[in-house]
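K.L.:
Sharing a structure below in structure tokens format, with a few things to ask.
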Amino acid sequence: MNESISLMVEEHENIRRMLRVLRAMCRSVMHGEDVNQEDFAAAIDFIRNYADHHHHKKEEEHLFKAMVANMGKIGENLVTHGMLVEHDLGRGDILCLENALREYEEKQSPELKLDILSYAMAYAHLLQLHIEKENSVVYPFAERQLSEEDLCTVDEKSRAFEEEQEKLGVQERFLSLLDRMEERYGILKKD
């Protein structure tokens with residue numbers, strides 16, 4: 001498997017881990033526990049800064065750009081009308097979740113609690129399907145259709161981005177946060 005794509009698959013597993021935490025947070029609210037604003041804020045931080053600004057940015061800026069530039073109409077449709085749309089839908093769910101949490105902090109009501117659960121679960125469901133689609137369709141398609149030169153360029157750009165992010169401590173910060181959240185919610189790591 002291509003180096004960049006292999007790393008993106010690994011990042012998908014980290015994102016799935018957070019989706020399991022998010023589901024556990026929602027379950028605890030369903031079972032009558034208070035909405036833990038701090039934990040939801042931490043999950044949103046992970047989603048925005050690891051899943052979106054780190055992982056999705058790499059896809060959008062490197063892999064997807066190569067696909068659109070080099071794979072013709074099929075690549076353009078798959079990326080522009082598929083993957084990028086789903087990225088934006090996820091961003092919308094997280095914005096709505098954040099707004100519902102803010103409103104709930106001001107005025108706790110069952111309706112706002114339902115909104116919190118709805119938006120959190122909408123995001124979790126969307127991302128789970130999105131990840132499956134990328135892992136089983138989009139990434140293998142890119143590996144088959146992009147030239148070795150294009151894949152090497154994606155690798156070089158992704159590697160430079162990873163090194164920059166590592167200097168800023170992004171990966172360490174969010175994987176440590178993920179470990180803490182899994183422990184807090186009793187989520188067992190899957191091998």
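All residue names refer to the structure tokens as shown: chains lettered A, B, ... in order, residues numbered from 1 in each chain, ligands numbered from 1 in order.
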Enumerate as a PyMOL selection string all residues of segment 34-85 of chain A assigned to alpha helix (DSSP H) by DSSP on the backbone, naming them with the chain letters and numbers the document uses.
P.N.:
chain A and resi 37-46+57-58+64-70+72-78+84-85
K.L.:
I want to know what sits within 12 Å of Ser147 of chain A, based on only C-alpha atoms, with residues of the same chain fewer than 5 positions away left out; could you give that as a list of chain:residue names?
P.N.:
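Contacts, in chain order: A:Asn2, A:Ala66, A:Met67, A:Ala69, A:Asn70, A:Met71, A:Phe141, A:Ala142, A:Cys152, A:Thr153, A:Val154.
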K.L.:
Grab the residues selected above and save them as a short mmCIF file (atom, residue, chain, number, x, y, z; two decimals), in the first residue's frame with N, CA and C atoms.
P.N.:
data_model
loop_
_atom_site.label_atom_id
_atom_site.label_comp_id
_atom_site.auth_asym_id
_atom_site.auth_seq_id
_atom_site.Cartn_x
_atom_site.Cartn_y
_atom_site.Cartn_z
N ASN A 2 0.48 2.26 -0.71
CA ASN A 2 1.18 3.53 -0.78
C ASN A 2 1.37 4.11 0.63
N ALA A 66 -4.57 15.45 -6.52
CA ALA A 66 -3.93 14.60 -7.54
C ALA A 66 -4.97 13.81 -8.30
N MET A 67 -5.98 13.32 -7.61
CA MET A 67 -7.03 12.54 -8.28
C MET A 67 -7.80 13.41 -9.27
N ALA A 69 -6.82 16.20 -10.69
CA ALA A 69 -5.94 16.66 -11.77
C ALA A 69 -5.57 15.56 -12.76
N ASN A 70 -5.56 14.30 -12.32
CA ASN A 70 -4.99 13.25 -13.16
C ASN A 70 -5.92 12.10 -13.52
N MET A 71 -7.14 12.09 -12.99
CA MET A 71 -8.01 10.93 -13.23
C MET A 71 -9.26 11.27 -14.03
N PHE A 141 -8.87 2.76 -5.51
CA PHE A 141 -9.04 3.33 -6.84
C PHE A 141 -7.90 4.29 -7.16
N ALA A 142 -7.56 5.14 -6.20
CA ALA A 142 -6.45 6.09 -6.40
C ALA A 142 -5.14 5.35 -6.63
N CYS A 152 4.11 9.34 -5.73
CA CYS A 152 5.34 9.81 -5.07
C CYS A 152 5.20 11.28 -4.67
N THR A 153 4.58 12.08 -5.52
CA THR A 153 4.36 13.49 -5.20
C THR A 153 3.43 13.63 -4.00
N VAL A 154 2.37 12.83 -3.97
CA VAL A 154 1.46 12.84 -2.83
C VAL A 154 2.23 12.46 -1.56
#
K.L.:
Using only C-alpha atoms for the distances, tell me which of A:Lys58, A:Glu164, A:Glu103, A:Ile47 is nearest to Leu19 of chain A.
P.N.:
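That would be A:Ile47, the residue with the smallest distance to Leu19 of chain A.
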K.L.:
Which polymer residues have any atom within 9 Å of an atom of segment 129-138 of chain A, counting only C-alpha atoms, with same-chain residues fewer than 2 positions away left out, as number ranges by chain?
P.N.:
A: 5, 8-9, 12-13, 15-16, 78-79, 83, 86-87, 124-127, 140-143
K.L.:
If you keep N, CA, C and O atoms, can you produce a file of those selected residues as a compact mmCIF listing (two decimals), in the first residue's frame?
P.N.:
# COMPACT_ATOMS: atom_id res chain seq x y z
N ILE A 5 -1.31 6.75 1.76
CA ILE A 5 -2.61 6.11 1.92
C ILE A 5 -2.60 5.19 3.13
O ILE A 5 -3.57 5.14 3.90
N MET A 8 -3.13 7.35 6.05
CA MET A 8 -4.51 7.83 6.11
C MET A 8 -5.44 6.73 6.64
O MET A 8 -6.37 7.03 7.40
N VAL A 9 -5.19 5.49 6.28
CA VAL A 9 -5.97 4.37 6.81
C VAL A 9 -5.75 4.25 8.32
O VAL A 9 -6.69 4.05 9.08
N HIS A 12 -7.65 6.89 9.97
CA HIS A 12 -9.07 6.51 10.01
C HIS A 12 -9.37 5.69 11.26
O HIS A 12 -10.42 5.85 11.87
N GLU A 13 -8.47 4.79 11.61
CA GLU A 13 -8.71 3.98 12.82
C GLU A 13 -8.72 4.86 14.07
O GLU A 13 -9.53 4.64 14.97
N ILE A 15 -9.69 7.97 14.13
CA ILE A 15 -10.97 8.68 14.05
C ILE A 15 -12.10 7.75 14.49
O ILE A 15 -12.99 8.15 15.23
N ARG A 16 -12.06 6.50 14.05
CA ARG A 16 -13.07 5.53 14.48
C ARG A 16 -13.06 5.35 16.00
O ARG A 16 -14.10 5.17 16.62
N LEU A 78 -15.87 11.68 -8.18
CA LEU A 78 -15.69 10.96 -6.92
C LEU A 78 -15.26 11.91 -5.80
O LEU A 78 -15.79 11.86 -4.70
N VAL A 79 -14.33 12.79 -6.12
CA VAL A 79 -13.81 13.71 -5.11
C VAL A 79 -14.78 14.87 -4.88
O VAL A 79 -15.23 15.11 -3.75
N MET A 83 -16.53 12.83 -1.86
CA MET A 83 -15.73 12.96 -0.65
C MET A 83 -15.76 14.36 -0.06
O MET A 83 -15.93 14.53 1.15
N GLU A 86 -19.08 15.09 1.59
CA GLU A 86 -19.19 14.42 2.89
C GLU A 86 -18.34 15.11 3.95
O GLU A 86 -18.75 15.22 5.11
N HIS A 87 -17.16 15.61 3.57
CA HIS A 87 -16.36 16.38 4.53
C HIS A 87 -17.15 17.59 5.01
O HIS A 87 -17.18 17.90 6.21
N ALA A 124 -21.17 10.83 13.76
CA ALA A 124 -20.56 9.50 13.94
C ALA A 124 -20.98 8.56 12.81
O ALA A 124 -20.15 7.82 12.25
N HIS A 125 -22.25 8.57 12.46
CA HIS A 125 -22.74 7.69 11.40
C HIS A 125 -22.15 8.09 10.04
O HIS A 125 -21.67 7.23 9.29
N LEU A 126 -22.19 9.38 9.74
CA LEU A 126 -21.64 9.86 8.47
C LEU A 126 -20.17 9.47 8.34
O LEU A 126 -19.75 8.94 7.30
N LEU A 127 -19.38 9.73 9.38
CA LEU A 127 -17.95 9.45 9.28
C LEU A 127 -17.66 7.97 9.19
O LEU A 127 -16.73 7.56 8.48
N PRO A 140 -8.17 2.50 -2.79
CA PRO A 140 -7.71 1.51 -3.77
C PRO A 140 -7.81 2.01 -5.22
O PRO A 140 -6.94 1.73 -6.04
N PHE A 141 -8.87 2.76 -5.51
CA PHE A 141 -9.04 3.33 -6.84
C PHE A 141 -7.90 4.29 -7.16
O PHE A 141 -7.31 4.24 -8.25
N ALA A 142 -7.56 5.14 -6.20
CA ALA A 142 -6.45 6.09 -6.40
C ALA A 142 -5.14 5.35 -6.63
O ALA A 142 -4.36 5.72 -7.52
N GLU A 143 -4.90 4.30 -5.85
CA GLU A 143 -3.66 3.54 -6.02
C GLU A 143 -3.57 2.87 -7.39
O GLU A 143 -2.49 2.76 -7.95
K.L.:
Rounded to one decimal, what separation in Å do you get between atom CA of Leu151 of chain A and atom CA of Glu163 of chain A?
P.N.:
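Atom CA of Leu151 of chain A sits 18.1 Å away from atom CA of Glu163 of chain A.
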K.L.:
Atom CA of Arg184 of chain A and atom CA of Leu112 of chain A, how far apart in Å?
P.N.:
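So the answer is 24.0 Å.
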K.L.:
Near segment 27-29 of chain A, counting only C-alpha atoms, which residues have an atom at most 10 Å away, once you skip same-chain residues fewer than 6 positions from it, shown as a list in words?
P.N.:
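Here the answer would be Val21, Val35, Asn36, Lys113, Leu114, Ile116, Leu117 and Tyr185 of chain A.
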K.L.:
Could the residues in this selection be saved with N, CA and C atoms as a PDB file, in the first residue's frame?
P.N.:
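Saved result, selection-v2.pdb, follows:
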ATOM      1  N   VAL A  21     -15.893   6.678  21.216  1.00  0.00           N
ATOM      2  CA  VAL A  21     -15.983   7.512  22.421  1.00  0.00           C
ATOM      3  C   VAL A  21     -17.223   8.406  22.338  1.00  0.00           C
ATOM      4  N   VAL A  35     -24.909  16.184  30.552  1.00  0.00           N
ATOM      5  CA  VAL A  35     -24.113  16.448  29.354  1.00  0.00           C
ATOM      6  C   VAL A  35     -22.785  16.996  29.847  1.00  0.00           C
ATOM      7  N   ASN A  36     -21.720  16.286  29.569  1.00  0.00           N
ATOM      8  CA  ASN A  36     -20.395  16.719  30.007  1.00  0.00           C
ATOM      9  C   ASN A  36     -19.822  17.667  28.954  1.00  0.00           C
ATOM     10  N   LYS A 113     -31.010  18.669  24.554  1.00  0.00           N
ATOM     11  CA  LYS A 113     -30.279  17.427  24.810  1.00  0.00           C
ATOM     12  C   LYS A 113     -30.461  16.481  23.617  1.00  0.00           C
ATOM     13  N   LEU A 114     -31.673  16.429  23.084  1.00  0.00           N
ATOM     14  CA  LEU A 114     -31.940  15.612  21.900  1.00  0.00           C
ATOM     15  C   LEU A 114     -31.129  16.105  20.700  1.00  0.00           C
ATOM     16  N   ILE A 116     -28.231  17.616  20.828  1.00  0.00           N
ATOM     17  CA  ILE A 116     -26.840  17.212  21.073  1.00  0.00           C
ATOM     18  C   ILE A 116     -26.640  15.764  20.628  1.00  0.00           C
ATOM     19  N   LEU A 117     -27.534  14.902  21.069  1.00  0.00           N
ATOM     20  CA  LEU A 117     -27.423  13.486  20.704  1.00  0.00           C
ATOM     21  C   LEU A 117     -27.581  13.286  19.197  1.00  0.00           C
ATOM     22  N   TYR A 185     -14.238   6.663  29.239  1.00  0.00           N
ATOM     23  CA  TYR A 185     -15.510   6.062  28.847  1.00  0.00           C
ATOM     24  C   TYR A 185     -15.444   4.537  28.735  1.00  0.00           C
TER      25      TYR A 185
END
